[in-house]
file run27.txt (compact mmCIF, C-alpha atoms)
# COMPACT_ATOMS: atom_id res chain seq x y z
CA MET F 1 17.98 -2.65 -65.98
CA PRO F 2 16.08 -0.06 -63.80
CA THR F 3 14.42 -1.33 -60.67
CA THR F 4 10.78 -0.88 -59.66
CA PRO F 5 9.32 -0.34 -56.14
CA GLU F 6 8.39 -4.02 -56.10
CA GLU F 7 11.98 -4.94 -56.98
CA PRO F 8 14.30 -2.84 -54.77
CA ASP F 9 17.89 -2.38 -55.75
CA GLU F 10 19.99 -4.68 -53.58
CA GLY F 11 22.96 -2.33 -53.78
CA ALA F 12 21.10 0.74 -52.46
CA GLN F 13 22.16 0.21 -48.84
CA THR F 14 25.76 -0.33 -49.91
CA ARG F 15 25.86 2.91 -51.86
CA LEU F 16 24.34 4.86 -48.93
CA ALA F 17 26.92 3.43 -46.57
CA ASP F 18 29.73 4.49 -48.90
CA ARG F 19 28.65 8.15 -48.86
CA GLU F 20 30.58 10.67 -46.77
CA THR F 21 28.97 11.68 -43.45
CA VAL F 22 27.94 15.35 -43.29
CA ARG F 23 28.26 17.21 -39.96
CA LEU F 24 25.32 19.33 -38.86
CA PRO F 25 25.87 23.08 -38.25
CA ILE F 26 25.54 22.67 -34.47
CA GLN F 27 28.30 20.06 -34.61
CA ARG F 28 30.65 22.51 -36.35
CA ARG F 29 30.56 25.08 -33.50
CA SER F 30 33.66 25.45 -31.43
CA THR F 31 33.43 24.19 -27.84
CA ARG F 32 36.76 25.71 -26.78
CA GLY F 33 38.61 22.53 -26.06
CA ARG F 34 35.69 20.50 -24.70
CA PRO F 35 34.38 17.39 -26.45
CA THR F 36 31.52 18.05 -28.87
CA GLY F 37 28.98 16.01 -26.90
CA ARG F 38 29.81 17.65 -23.56
CA ARG F 39 28.93 21.27 -24.32
CA PRO F 40 27.78 23.04 -21.13
CA ALA F 41 24.15 24.07 -20.97
CA ARG F 42 23.44 27.78 -20.98
CA ARG F 43 22.38 29.09 -17.57
CA ALA F 44 20.48 32.21 -16.66
CA PRO F 45 22.28 34.83 -14.54
CA LEU F 46 21.52 34.16 -10.89
CA VAL F 47 20.55 37.73 -9.98
CA LEU F 48 18.24 38.06 -12.99
CA ALA F 49 16.54 34.70 -12.35
CA ALA F 50 16.02 35.42 -8.65
CA THR F 51 14.68 38.91 -9.32
CA VAL F 52 12.19 37.80 -11.98
CA THR F 53 10.84 34.79 -10.08
CA THR F 54 10.58 36.66 -6.77
CA LEU F 55 8.85 39.66 -8.34
CA TRP F 56 6.33 37.35 -9.97
CA ALA F 57 5.69 35.63 -6.63
CA ALA F 58 5.03 39.02 -5.04
CA VAL F 59 2.67 40.12 -7.82
CA VAL F 60 0.63 36.89 -7.62
CA THR F 61 0.03 37.36 -3.87
CA LEU F 62 -0.33 41.15 -3.80
CA ALA F 63 -2.89 41.35 -6.62
CA PRO F 64 -5.66 39.40 -4.77
CA THR F 65 -5.11 41.59 -1.71
CA LEU F 66 -5.65 44.76 -3.73
CA VAL F 67 -8.80 43.30 -5.30
CA VAL F 68 -10.24 42.43 -1.89
CA VAL F 69 -9.47 45.91 -0.54
CA TRP F 70 -11.19 47.47 -3.55
CA LEU F 71 -14.25 45.26 -2.99
CA LEU F 72 -14.34 46.01 0.74
CA HIS F 73 -14.54 49.73 0.07
CA ALA F 74 -17.98 49.03 -1.33
CA VAL F 75 -19.05 48.22 2.26
CA ASP F 76 -19.11 51.88 3.25
CA SER F 77 -19.21 53.35 -0.29
CA SER F 78 -16.22 55.49 0.55
CA GLY F 79 -15.04 55.77 -3.03
CA ALA F 80 -11.40 55.52 -2.02
CA SER F 81 -8.71 56.66 -4.39
CA LEU F 82 -6.28 54.29 -6.08
CA THR F 83 -3.48 55.49 -3.80
CA GLN F 84 -5.46 54.65 -0.68
CA ILE F 85 -6.40 51.22 -2.02
CA LEU F 86 -2.75 50.57 -2.82
CA ARG F 87 -1.66 51.57 0.69
CA VAL F 88 -4.30 49.50 2.46
CA GLY F 89 -3.59 46.53 0.19
CA ALA F 90 0.12 46.84 0.89
CA ALA F 91 -0.61 46.88 4.63
CA GLY F 92 -2.70 43.72 4.31
CA TRP F 93 0.07 42.05 2.32
CA LEU F 94 2.55 42.91 5.06
CA LEU F 95 0.16 41.50 7.65
CA ALA F 96 0.06 38.19 5.74
CA HIS F 97 3.82 37.95 6.32
CA TRP F 98 3.45 38.54 10.10
CA VAL F 99 4.64 42.14 9.90
CA PRO F 100 2.83 43.98 12.76
CA LEU F 101 0.96 47.19 11.99
CA ASP F 102 0.33 50.07 14.36
CA THR F 103 -3.03 51.53 13.35
CA GLY F 104 -5.60 53.93 14.72
CA ILE F 105 -7.66 51.03 16.14
CA GLY F 106 -4.63 49.51 17.86
CA PRO F 107 -1.91 47.01 16.94
CA LEU F 108 -2.68 44.47 14.21
CA SER F 109 -0.65 41.28 13.98
CA LEU F 110 -3.15 38.48 13.26
CA ALA F 111 -2.08 37.15 9.86
CA PRO F 112 -4.67 35.97 7.31
CA LEU F 113 -3.20 32.51 6.90
CA GLY F 114 -5.06 31.88 3.65
CA LEU F 115 -3.05 34.64 1.97
CA THR F 116 0.06 33.54 3.89
CA ALA F 117 -0.25 30.03 2.43
CA VAL F 118 -0.42 31.49 -1.09
CA ALA F 119 2.68 33.59 -0.38
CA VAL F 120 4.58 30.56 0.93
CA TRP F 121 3.62 28.55 -2.15
CA ARG F 122 4.68 31.27 -4.59
CA VAL F 123 8.02 31.98 -2.88
CA TYR F 124 8.62 28.23 -2.73
CA ARG F 125 8.02 28.04 -6.48
CA ALA F 126 10.36 31.00 -6.95
CA GLY F 127 13.06 28.96 -5.24
CA VAL F 128 12.34 25.99 -7.48
CA HIS F 129 12.47 28.04 -10.69
CA THR F 130 15.58 29.97 -9.65
CA ALA F 131 17.47 26.81 -8.74
CA ARG F 132 16.39 25.22 -12.01
CA ALA F 133 17.49 28.27 -14.00
CA VAL F 134 21.02 28.20 -12.56
CA GLY F 135 21.33 24.42 -12.78
CA ALA F 136 21.52 23.73 -9.05
CA ARG F 137 20.77 20.05 -9.58
CA ALA F 138 23.59 19.47 -12.09
CA ARG F 139 26.91 18.01 -11.04
CA PRO F 140 30.23 19.30 -12.26
CA SER F 141 32.11 17.03 -14.68
CA GLY F 142 33.53 14.19 -12.62
CA GLY F 143 32.66 15.92 -9.36
CA ALA F 144 30.25 15.43 -6.49
CA TRP F 145 27.00 17.24 -5.83
CA THR F 146 27.41 20.57 -4.04
CA PRO F 147 24.78 22.61 -2.16
CA TRP F 148 26.29 26.00 -3.03
CA PRO F 149 24.21 26.73 -6.18
CA ALA F 150 20.99 26.16 -4.22
CA ALA F 151 22.34 28.20 -1.31
CA ARG F 152 23.24 31.11 -3.59
CA ALA F 153 19.77 30.98 -5.15
CA THR F 154 18.24 31.02 -1.68
CA GLY F 155 20.30 34.03 -0.63
CA CYS F 156 19.37 36.03 -3.73
CA ILE F 157 15.66 35.30 -3.28
CA ALA F 158 15.83 36.32 0.38
CA VAL F 159 17.59 39.61 -0.46
CA VAL F 160 15.12 40.49 -3.23
CA TYR F 161 12.12 39.59 -1.07
CA GLY F 162 13.53 41.57 1.85
CA LEU F 163 13.89 44.64 -0.38
CA LEU F 164 10.31 44.18 -1.56
CA GLY F 165 9.16 44.06 2.06
CA ALA F 166 10.98 47.29 2.91
CA ILE F 167 9.56 49.05 -0.17
CA THR F 168 6.06 47.82 0.65
CA ALA F 169 6.42 49.13 4.21
CA LEU F 170 7.31 52.55 2.81
CA VAL F 171 4.19 52.48 0.63
CA ALA F 172 1.89 51.23 3.40
CA GLY F 173 3.06 53.73 5.99
CA HIS F 174 0.81 56.79 6.02
CA LYS F 175 -1.38 58.75 8.38
CA GLY F 176 -3.04 56.26 10.71
CA VAL F 177 -0.76 53.29 9.84
CA GLU F 178 2.82 52.94 11.03
CA VAL F 179 5.11 50.13 9.88
CA SER F 180 8.74 49.50 10.71
CA VAL F 181 10.63 49.51 7.42
CA VAL F 182 13.64 47.73 8.89
CA GLY F 183 11.46 45.16 10.65
CA ALA F 184 9.48 44.50 7.45
CA GLY F 185 12.69 44.06 5.48
CA PHE F 186 14.13 41.53 7.92
CA THR F 187 10.80 39.69 8.22
CA PHE F 188 10.50 39.34 4.45
CA PHE F 189 14.16 38.32 4.26
CA GLY F 190 13.52 35.46 6.70
CA PHE F 191 10.30 34.54 4.87
CA GLY F 192 12.15 34.30 1.56
CA LEU F 193 15.04 32.45 3.18
CA LEU F 194 12.77 29.70 4.54
CA ALA F 195 10.21 29.31 1.74
CA GLY F 196 12.58 30.03 -1.14
CA GLY F 197 15.33 27.90 0.39
CA LEU F 198 12.96 24.97 0.74
CA GLY F 199 12.03 25.21 -2.94
CA ALA F 200 15.64 25.61 -4.07
CA PHE F 201 16.93 22.63 -2.10
CA VAL F 202 13.98 20.45 -3.13
CA GLU F 203 14.76 21.24 -6.77
CA ALA F 204 18.48 20.57 -6.19
CA ARG F 205 17.59 17.24 -4.52
CA GLY F 206 19.23 18.43 -1.32
CA ILE F 207 16.19 17.55 0.82
CA ALA F 208 16.05 14.08 -0.70
CA ARG F 209 19.76 13.56 -0.02
CA LEU F 210 19.34 14.69 3.57
CA ALA F 211 16.33 12.42 4.07
CA GLY F 212 18.28 9.50 2.60
CA ARG F 213 21.02 9.93 5.22
CA LEU F 214 18.61 10.02 8.17
CA PRO F 215 17.82 6.80 10.05
CA GLY F 216 14.67 5.05 8.92
CA VAL F 217 13.09 5.56 12.35
CA ILE F 218 13.40 9.34 12.04
CA ARG F 219 12.00 9.38 8.50
CA ASP F 220 9.00 7.29 9.52
CA ALA F 221 8.42 9.38 12.65
CA THR F 222 8.41 12.70 10.78
CA ARG F 223 6.12 11.36 8.09
CA THR F 224 3.70 9.85 10.59
CA GLY F 225 3.71 12.95 12.78
CA ALA F 226 3.00 15.16 9.77
CA VAL F 227 0.13 12.90 8.71
CA ALA F 228 -1.37 13.00 12.20
CA ALA F 229 -1.07 16.80 12.38
CA LEU F 230 -2.68 17.24 8.96
CA LEU F 231 -5.53 14.89 9.89
CA ILE F 232 -6.17 16.85 13.10
CA LEU F 233 -6.20 20.12 11.15
CA GLY F 234 -8.55 18.52 8.64
CA ALA F 235 -10.88 17.56 11.47
CA GLY F 236 -10.72 21.14 12.72
CA ALA F 237 -11.63 22.44 9.26
CA ALA F 238 -14.59 20.04 9.04
CA VAL F 239 -15.91 20.96 12.48
CA SER F 240 -15.56 24.72 11.93
CA GLY F 241 -17.19 24.48 8.50
CA MET F 242 -20.05 22.48 9.92
CA ALA F 243 -20.51 24.99 12.75
CA VAL F 244 -20.67 27.92 10.33
CA ALA F 245 -23.09 26.00 8.10
CA VAL F 246 -25.39 25.24 11.03
CA SER F 247 -25.30 28.93 11.99
CA GLY F 248 -25.73 30.07 8.40
CA GLY F 249 -28.66 32.31 9.31
CA ASP F 250 -26.60 34.28 11.81
CA ALA F 251 -23.70 34.54 9.36
CA GLY F 252 -26.01 35.85 6.66
CA GLN F 253 -27.48 38.37 9.08
CA ILE F 254 -24.01 39.70 9.89
CA ILE F 255 -23.35 40.26 6.19
CA ASP F 256 -26.74 41.96 5.73
CA ASP F 257 -26.05 44.28 8.65
CA TYR F 258 -23.27 45.93 6.66
CA HIS F 259 -25.91 47.18 4.17
CA THR F 260 -23.63 46.85 1.18
CA GLY F 261 -24.06 45.68 -2.37
CA VAL F 262 -22.90 42.58 -4.13
CA ALA F 263 -19.31 43.83 -4.42
CA GLY F 264 -19.03 44.43 -0.69
CA GLN F 265 -20.53 41.03 0.11
CA ILE F 266 -18.02 39.36 -2.20
CA GLY F 267 -15.24 41.25 -0.46
CA LEU F 268 -16.44 40.10 2.96
CA VAL F 269 -16.68 36.49 1.83
CA VAL F 270 -13.16 36.56 0.35
CA LEU F 271 -11.85 38.22 3.52
CA CYS F 272 -13.40 35.42 5.57
CA GLY F 273 -11.73 32.97 3.19
CA PHE F 274 -8.35 34.55 3.95
CA PHE F 275 -8.92 34.03 7.69
CA SER F 276 -10.56 30.59 7.44
CA PRO F 277 -7.24 28.72 8.05
CA ASP F 278 -6.90 30.69 11.30
CA VAL F 279 -10.34 29.49 12.40
CA THR F 280 -9.35 25.95 11.34
CA VAL F 281 -6.38 26.05 13.72
CA TRP F 282 -8.60 27.44 16.49
CA SER F 283 -11.08 24.62 15.93
CA ALA F 284 -8.27 22.04 16.05
CA ALA F 285 -7.11 23.55 19.36
CA TYR F 286 -10.70 23.21 20.64
CA LEU F 287 -10.77 19.52 19.64
CA ILE F 288 -7.39 18.86 21.23
CA GLY F 289 -8.61 20.39 24.48
CA PRO F 290 -6.91 23.65 25.50
CA GLY F 291 -9.08 25.80 23.21
CA PHE F 292 -8.42 29.40 22.21
CA ASN F 293 -9.01 33.01 23.18
CA ILE F 294 -10.55 35.87 21.25
CA GLY F 295 -9.38 38.79 23.30
CA ALA F 296 -9.30 39.10 27.05
CA GLU F 297 -13.02 38.43 27.58
CA THR F 298 -13.69 35.44 25.31
CA THR F 299 -12.35 31.99 26.19
CA ILE F 300 -13.59 28.95 24.32
CA SER F 301 -12.73 25.34 25.13
CA ALA F 302 -14.62 22.09 25.57
CA ALA F 303 -14.87 22.63 29.33
CA GLU F 304 -15.33 26.41 29.48
CA VAL F 305 -17.01 29.03 27.31
CA SER F 306 -16.87 32.69 28.30
CA MET F 307 -18.19 35.10 25.68
CA GLY F 308 -17.25 38.76 25.44
CA ARG F 309 -17.22 41.41 22.71
CA LEU F 310 -16.50 39.88 19.31
CA PRO F 311 -15.73 41.36 15.88
CA ALA F 312 -18.67 41.32 13.47
CA LEU F 313 -17.36 38.63 11.13
CA PRO F 314 -19.49 35.85 9.58
CA LEU F 315 -16.79 33.29 10.43
CA LEU F 316 -17.41 33.79 14.14
CA ALA F 317 -21.12 32.98 13.88
CA GLY F 318 -20.40 29.29 14.54
CA LEU F 319 -18.67 29.78 17.90
CA PRO F 320 -20.15 27.61 20.67
CA SER F 321 -22.02 29.44 23.40
CA THR F 322 -21.88 26.66 26.02
CA PRO F 323 -19.40 23.93 27.02
CA ALA F 324 -19.54 20.65 25.12
CA THR F 325 -22.59 18.62 26.13
CA GLY F 326 -24.71 15.84 24.67
CA TRP F 327 -23.09 14.39 21.55
CA ALA F 328 -20.55 17.20 21.28
CA PRO F 329 -17.89 15.48 23.48
CA LEU F 330 -17.63 12.76 20.83
CA LEU F 331 -15.95 15.33 18.60
CA LEU F 332 -13.10 15.51 21.10
CA GLY F 333 -12.13 11.98 20.05
CA LEU F 334 -11.27 13.10 16.52
CA PRO F 335 -7.59 13.91 17.32
CA LEU F 336 -7.16 10.45 18.85
CA ALA F 337 -8.83 8.91 15.79
CA ALA F 338 -6.41 10.84 13.58
CA ALA F 339 -3.48 9.44 15.59
CA LEU F 340 -4.85 5.90 15.24
CA ILE F 341 -5.12 6.32 11.47
CA ALA F 342 -1.57 7.67 11.27
CA GLY F 343 -0.26 4.71 13.30
CA TRP F 344 -2.16 2.24 11.11
CA LEU F 345 -0.68 3.79 7.98
CA LEU F 346 2.81 3.64 9.51
CA ALA F 347 2.52 -0.07 10.27
CA ARG F 348 1.00 -0.92 6.89
CA ARG F 349 3.67 0.97 4.96
CA SER F 350 6.60 -0.26 7.04
CA LEU F 351 5.58 -3.92 7.07
CA ARG F 352 4.80 -3.86 3.36
CA ASN F 353 8.31 -2.60 2.55
CA ASP F 354 10.03 -4.73 5.23
CA PRO F 355 7.90 -7.66 6.47
CA GLY F 356 10.56 -8.67 8.98
CA ARG F 357 10.81 -5.31 10.70
CA GLY F 358 11.13 -5.66 14.46
CA TRP F 359 9.11 -4.16 17.26
CA VAL F 360 11.72 -1.69 18.48
CA PRO F 361 12.18 0.39 15.28
CA LEU F 362 8.46 0.24 14.51
CA LEU F 363 7.27 1.35 17.93
CA GLY F 364 10.16 3.82 18.15
CA ALA F 365 8.95 5.58 15.02
CA ALA F 366 5.39 5.59 16.38
CA ALA F 367 6.52 7.08 19.70
CA LEU F 368 8.62 9.80 18.07
CA ALA F 369 5.73 10.79 15.82
CA GLY F 370 3.95 12.35 18.80
CA PRO F 371 6.57 15.02 19.59
CA PHE F 372 6.85 15.92 15.91
CA ALA F 373 3.09 16.29 15.54
CA GLY F 374 2.96 18.36 18.73
CA LEU F 375 5.72 20.61 17.41
CA LEU F 376 3.89 21.17 14.12
CA LEU F 377 0.58 21.94 15.81
CA GLY F 378 2.30 24.27 18.24
CA LEU F 379 3.92 26.18 15.38
CA VAL F 380 0.66 26.58 13.46
CA SER F 381 -1.01 27.72 16.71
CA VAL F 382 1.60 30.46 17.02
CA ALA F 383 1.06 31.38 13.35
CA ALA F 384 -2.71 31.67 13.94
CA SER F 385 -2.28 34.00 16.92
CA GLY F 386 -1.98 37.75 17.09
CA SER F 387 -3.74 41.01 17.80
CA ALA F 388 -6.79 42.52 16.12
CA GLY F 389 -6.67 45.99 17.66
CA SER F 390 -7.25 47.43 21.10
CA GLY F 391 -10.29 47.17 23.33
CA GLY F 392 -9.68 43.66 24.62
CA LEU F 393 -8.64 42.10 21.28
CA GLU F 394 -4.89 42.24 21.85
CA GLN F 395 -4.57 38.47 22.34
CA ILE F 396 -6.29 36.18 19.84
CA GLY F 397 -5.49 32.57 19.10
CA PRO F 398 -4.86 29.16 20.67
CA ARG F 399 -2.74 28.46 23.72
CA ALA F 400 0.20 27.17 21.68
CA GLY F 401 2.18 25.55 24.49
CA GLU F 402 -0.78 23.64 25.87
CA VAL F 403 -1.89 22.60 22.38
CA ALA F 404 1.57 21.23 21.56
CA PHE F 405 1.85 19.28 24.83
CA VAL F 406 -1.63 17.71 24.73
CA ALA F 407 -1.31 16.89 21.03
CA MET F 408 2.04 15.22 21.67
CA LEU F 409 0.49 12.96 24.30
CA MET F 410 -2.57 12.09 22.22
CA VAL F 411 -0.64 11.35 19.03
CA THR F 412 1.98 9.29 20.86
CA ILE F 413 -0.65 7.13 22.54
CA GLY F 414 -2.73 6.73 19.39
CA THR F 415 0.12 5.90 17.02
CA VAL F 416 1.75 3.40 19.39
CA LEU F 417 -1.53 1.56 20.01
CA ALA F 418 -2.52 1.49 16.33
CA THR F 419 0.96 0.42 15.19
CA ALA F 420 1.15 -2.43 17.68
CA ALA F 421 -2.39 -3.61 16.93
CA THR F 422 -1.78 -3.52 13.18
CA LYS F 423 1.45 -5.53 13.44
CA ILE F 424 -0.26 -8.17 15.59
CA ALA F 425 -3.24 -8.36 13.23
CA LEU F 426 -1.01 -8.74 10.17
CA ARG F 427 0.98 -11.51 11.88
CA VAL F 428 -2.20 -13.36 12.80
CA ARG F 429 -3.55 -13.05 9.27
CA GLN F 430 -0.28 -14.20 7.73
CA GLY F 431 -0.14 -17.14 10.12
CA GLY F 432 -3.68 -18.11 9.20
CA THR F 433 -3.01 -17.98 5.47
CA THR F 434 0.11 -20.10 5.76
call {"tool": "encode", "arguments": {"input": "run27.txt", "output": "structure tokens"}}
result
Amino acid sequence: MPTTPEEPDEGAQTRLADRETVRLPIQRRSTRGRPTGRRPARRAPLVLAATVTTLWAAVVTLAPTLVVVWLLHAVDSSGASLTQILRVGAAGWLLAHWVPLDTGIGPLSLAPLGLTAVAVWRVYRAGVHTARAVGARARPSGGAWTPWPAARATGCIAVVYGLLGAITALVAGHKGVEVSVVGAGFTFFGFGLLAGGLGAFVEARGIARLAGRLPGVIRDATRTGAVAALLILGAGAAVSGMAVAVSGGDAGQIIDDYHTGVAGQIGLVVLCGFFSPDVTVWSAAYLIGPGFNIGAETTISAAEVSMGRLPALPLLAGLPSTPATGWAPLLLGLPLAAALIAGWLLARRSLRNDPGRGWVPLLGAAALAGPFAGLLLGLVSVAASGSAGSGGLEQIGPRAGEVAFVAMLMVTIGTVLATAATKIALRVRQGGTT
């Protein structure tokens, strides 16, 4: 008797189970002696992957530079040719990688850190994608993790980026601009080695493995020092932005003095955006105390302001003209406040994960955070320094050594005090609740 949907056949499952299993086409492929379920994944050739990802990183950072150069030519309505725009854009791209230029107005070595940050990000991503393409995270069958795939990816990225730097130096070098091809190649090689290597080893979980083997005190100290340094730089960005906003009339007048159209004004604004991280570092150095120089005649710090000849840039409209007076000295407490916040976060995080953590490891991490923060701020001070031509502008930027030393002291004091106070407060609160 036939069955209906309401009355299913009780033997249907039995008949399906008795049928022969059919292998799918992918299961019929030969695996050359390996088990069917352990077929190796296909990997991209290392050289091809590194070349493609590195070229794309270069295109993403070079294209905005060329657009800005094209817009800036509207300032003087020079009507430059495509070849000239390409050469000037290539020179600016080299400058963003700290490759010094010898020009008709003098040596140029002050890097636009806004464009530099984009280049670091893209080369970092090139390292991530290259390591992922060659399977740097995978382990061999039955074997341990090895760093060699990530190291090979790093080396290929560095070689490709170094070749791009040498080629760009050949393009940028023309009448009025001289660039060392060998120096550019080695500089780009080191740039790719650091940024690309970081991305490759992060993707391969090498950084995580290294961090897992470090003592907990060192991990907490580096994290807290980085947080304190970033908070101080954030305070510098806020203060410099506020200063430019207050002097908005002067900044607008500088732009109007160029007598250019909308395209030129856009180019000037974008150019100022490229150099705004440099001004942020200068402002952070001002808050820390040592201050910065803009050439041989201009020295700016909380205790001393000496003004000389300055470039006509809207970003510089917010520079102070007198030492800090009135309410202005209160701004000098921002780095200490940043250190206090970093120490509070350290204590909260550590005691949440380990309520019984003792005083020695906790205060040890807080004390070591100061030298790490000082090192970071010293490095960014060096990165934000350079030359902007002759005529007294050969030395521009913060006093890196003094900034690092004073920041180390301030962060150490702030983190230790905040960590100790937070631990005592949490103990008192826990004792009250129990």
call {"tool": "atom_distance", "arguments": {"input": "run27.txt", "atom1": "CA of Val182 (chain F)", "atom2": "CA of Val118 (chain F)"}}
result
23.7 Å
call {"tool": "atom_distance", "arguments": {"input": "run27.txt", "atom1": "CA of Leu379 (chain F)", "atom2": "CA of Leu94 (chain F)"}}
result
19.7 Å
call {"tool": "closest_residue", "arguments": {"input": "run27.txt", "among": "F:Ser276, F:Thr53, F:Gln84, F:Thr168", "to": "Gly127 (chain F)", "atoms": "all atoms listed in the file"}}
result
F:Thr53
call {"tool": "atom_distance", "arguments": {"input": "run27.txt", "atom1": "CA of Thr187 (chain F)", "atom2": "CA of Gly162 (chain F)"}}
result
7.2 Å
call {"tool": "residues_around", "arguments": {"input": "run27.txt", "residues": "Val279 (chain F)", "least_positions_apart": "6", "cutoff": "8 Å", "atoms": "all atoms listed in the file", "output": "PyMOL selection string"}}
result
chain F and resi 237+240+315
call {"tool": "closest_residue", "arguments": {"input": "run27.txt", "among": "F:Ala251, F:Asp102, F:Arg137, F:Gly356", "to": "Ile207 (chain F)", "atoms": "all atoms listed in the file"}}
result
F:Arg137
call {"tool": "closest_residue", "arguments": {"input": "run27.txt", "among": "F:Val177, F:Ala339, F:Ile254, F:Met307", "to": "Gly106 (chain F)", "atoms": "all atoms listed in the file"}}
result
F:Val177
call {"tool": "residues_around", "arguments": {"input": "run27.txt", "residues": "region 157-160 of chain F", "least_positions_apart": "5", "cutoff": "12 Å", "atoms": "all atoms listed in the file", "output": "PyMOL selection string"}}
result
chain F and resi 46-58+122-131+150-152+165-167+185-200
call {"tool": "residues_around", "arguments": {"input": "run27.txt", "residues": "region 284-289 of chain F", "least_positions_apart": "6", "cutoff": "10 Å", "atoms": "all atoms listed in the file", "output": "PyMOL selection string"}}
result
chain F and resi 229+231-240+278+300-303+329-336+377-378+381+397-400+402-407+410
call {"tool": "residues_around", "arguments": {"input": "run27.txt", "residues": "Pro314 (chain F)", "least_positions_apart": "2", "cutoff": "9 Å", "atoms": "only C-alpha atoms", "output": "ChimeraX atom specification"}}
result
/F:244,248,250-255,268-269,272,312,316-318
call {"tool": "decode", "arguments": {"input": "run27.txt", "residues": "region 159-172 of chain F", "atoms": "N, CA, C and O atoms", "output": "PDB file, in the first residue's frame"}}
result
ATOM      1  N   VAL F 159      63.733  43.735   0.181  1.00  0.00           N
ATOM      2  CA  VAL F 159      64.471  43.833  -1.087  1.00  0.00           C
ATOM      3  C   VAL F 159      63.640  44.574  -2.134  1.00  0.00           C
ATOM      4  O   VAL F 159      64.143  45.477  -2.827  1.00  0.00           O
ATOM      5  N   VAL F 160      62.360  44.223  -2.244  1.00  0.00           N
ATOM      6  CA  VAL F 160      61.500  44.885  -3.230  1.00  0.00           C
ATOM      7  C   VAL F 160      61.354  46.366  -2.900  1.00  0.00           C
ATOM      8  O   VAL F 160      61.438  47.229  -3.788  1.00  0.00           O
ATOM      9  N   TYR F 161      61.146  46.681  -1.626  1.00  0.00           N
ATOM     10  CA  TYR F 161      60.978  48.089  -1.243  1.00  0.00           C
ATOM     11  C   TYR F 161      62.276  48.866  -1.427  1.00  0.00           C
ATOM     12  O   TYR F 161      62.254  50.048  -1.795  1.00  0.00           O
ATOM     13  N   GLY F 162      63.407  48.228  -1.165  1.00  0.00           N
ATOM     14  CA  GLY F 162      64.689  48.885  -1.416  1.00  0.00           C
ATOM     15  C   GLY F 162      64.899  49.200  -2.883  1.00  0.00           C
ATOM     16  O   GLY F 162      65.388  50.278  -3.249  1.00  0.00           O
ATOM     17  N   LEU F 163      64.518  48.265  -3.768  1.00  0.00           N
ATOM     18  CA  LEU F 163      64.617  48.523  -5.208  1.00  0.00           C
ATOM     19  C   LEU F 163      63.691  49.663  -5.621  1.00  0.00           C
ATOM     20  O   LEU F 163      64.066  50.507  -6.456  1.00  0.00           O
ATOM     21  N   LEU F 164      62.493  49.703  -5.035  1.00  0.00           N
ATOM     22  CA  LEU F 164      61.576  50.809  -5.344  1.00  0.00           C
ATOM     23  C   LEU F 164      62.167  52.144  -4.899  1.00  0.00           C
ATOM     24  O   LEU F 164      62.028  53.164  -5.591  1.00  0.00           O
ATOM     25  N   GLY F 165      62.832  52.159  -3.750  1.00  0.00           N
ATOM     26  CA  GLY F 165      63.460  53.393  -3.291  1.00  0.00           C
ATOM     27  C   GLY F 165      64.569  53.860  -4.219  1.00  0.00           C
ATOM     28  O   GLY F 165      64.686  55.056  -4.515  1.00  0.00           O
ATOM     29  N   ALA F 166      65.398  52.918  -4.702  1.00  0.00           N
ATOM     30  CA  ALA F 166      66.462  53.292  -5.625  1.00  0.00           C
ATOM     31  C   ALA F 166      65.907  53.811  -6.942  1.00  0.00           C
ATOM     32  O   ALA F 166      66.394  54.804  -7.497  1.00  0.00           O
ATOM     33  N   ILE F 167      64.858  53.158  -7.465  1.00  0.00           N
ATOM     34  CA  ILE F 167      64.237  53.601  -8.718  1.00  0.00           C
ATOM     35  C   ILE F 167      63.618  54.978  -8.538  1.00  0.00           C
ATOM     36  O   ILE F 167      63.731  55.862  -9.409  1.00  0.00           O
ATOM     37  N   THR F 168      62.951  55.197  -7.400  1.00  0.00           N
ATOM     38  CA  THR F 168      62.340  56.500  -7.137  1.00  0.00           C
ATOM     39  C   THR F 168      63.400  57.591  -7.033  1.00  0.00           C
ATOM     40  O   THR F 168      63.190  58.729  -7.484  1.00  0.00           O
ATOM     41  N   ALA F 169      64.551  57.275  -6.459  1.00  0.00           N
ATOM     42  CA  ALA F 169      65.638  58.255  -6.377  1.00  0.00           C
ATOM     43  C   ALA F 169      66.143  58.622  -7.767  1.00  0.00           C
ATOM     44  O   ALA F 169      66.478  59.783  -8.030  1.00  0.00           O
ATOM     45  N   LEU F 170      66.204  57.648  -8.662  1.00  0.00           N
ATOM     46  CA  LEU F 170      66.597  57.944 -10.043  1.00  0.00           C
ATOM     47  C   LEU F 170      65.592  58.862 -10.722  1.00  0.00           C
ATOM     48  O   LEU F 170      65.970  59.761 -11.480  1.00  0.00           O
ATOM     49  N   VAL F 171      64.317  58.658 -10.452  1.00  0.00           N
ATOM     50  CA  VAL F 171      63.279  59.505 -11.051  1.00  0.00           C
ATOM     51  C   VAL F 171      63.313  60.904 -10.460  1.00  0.00           C
ATOM     52  O   VAL F 171      63.162  61.912 -11.173  1.00  0.00           O
ATOM     53  N   ALA F 172      63.491  60.997  -9.136  1.00  0.00           N
ATOM     54  CA  ALA F 172      63.432  62.304  -8.462  1.00  0.00           C
ATOM     55  C   ALA F 172      64.647  63.160  -8.749  1.00  0.00           C
ATOM     56  O   ALA F 172      64.562  64.390  -8.697  1.00  0.00           O
TER      57      ALA F 172
END
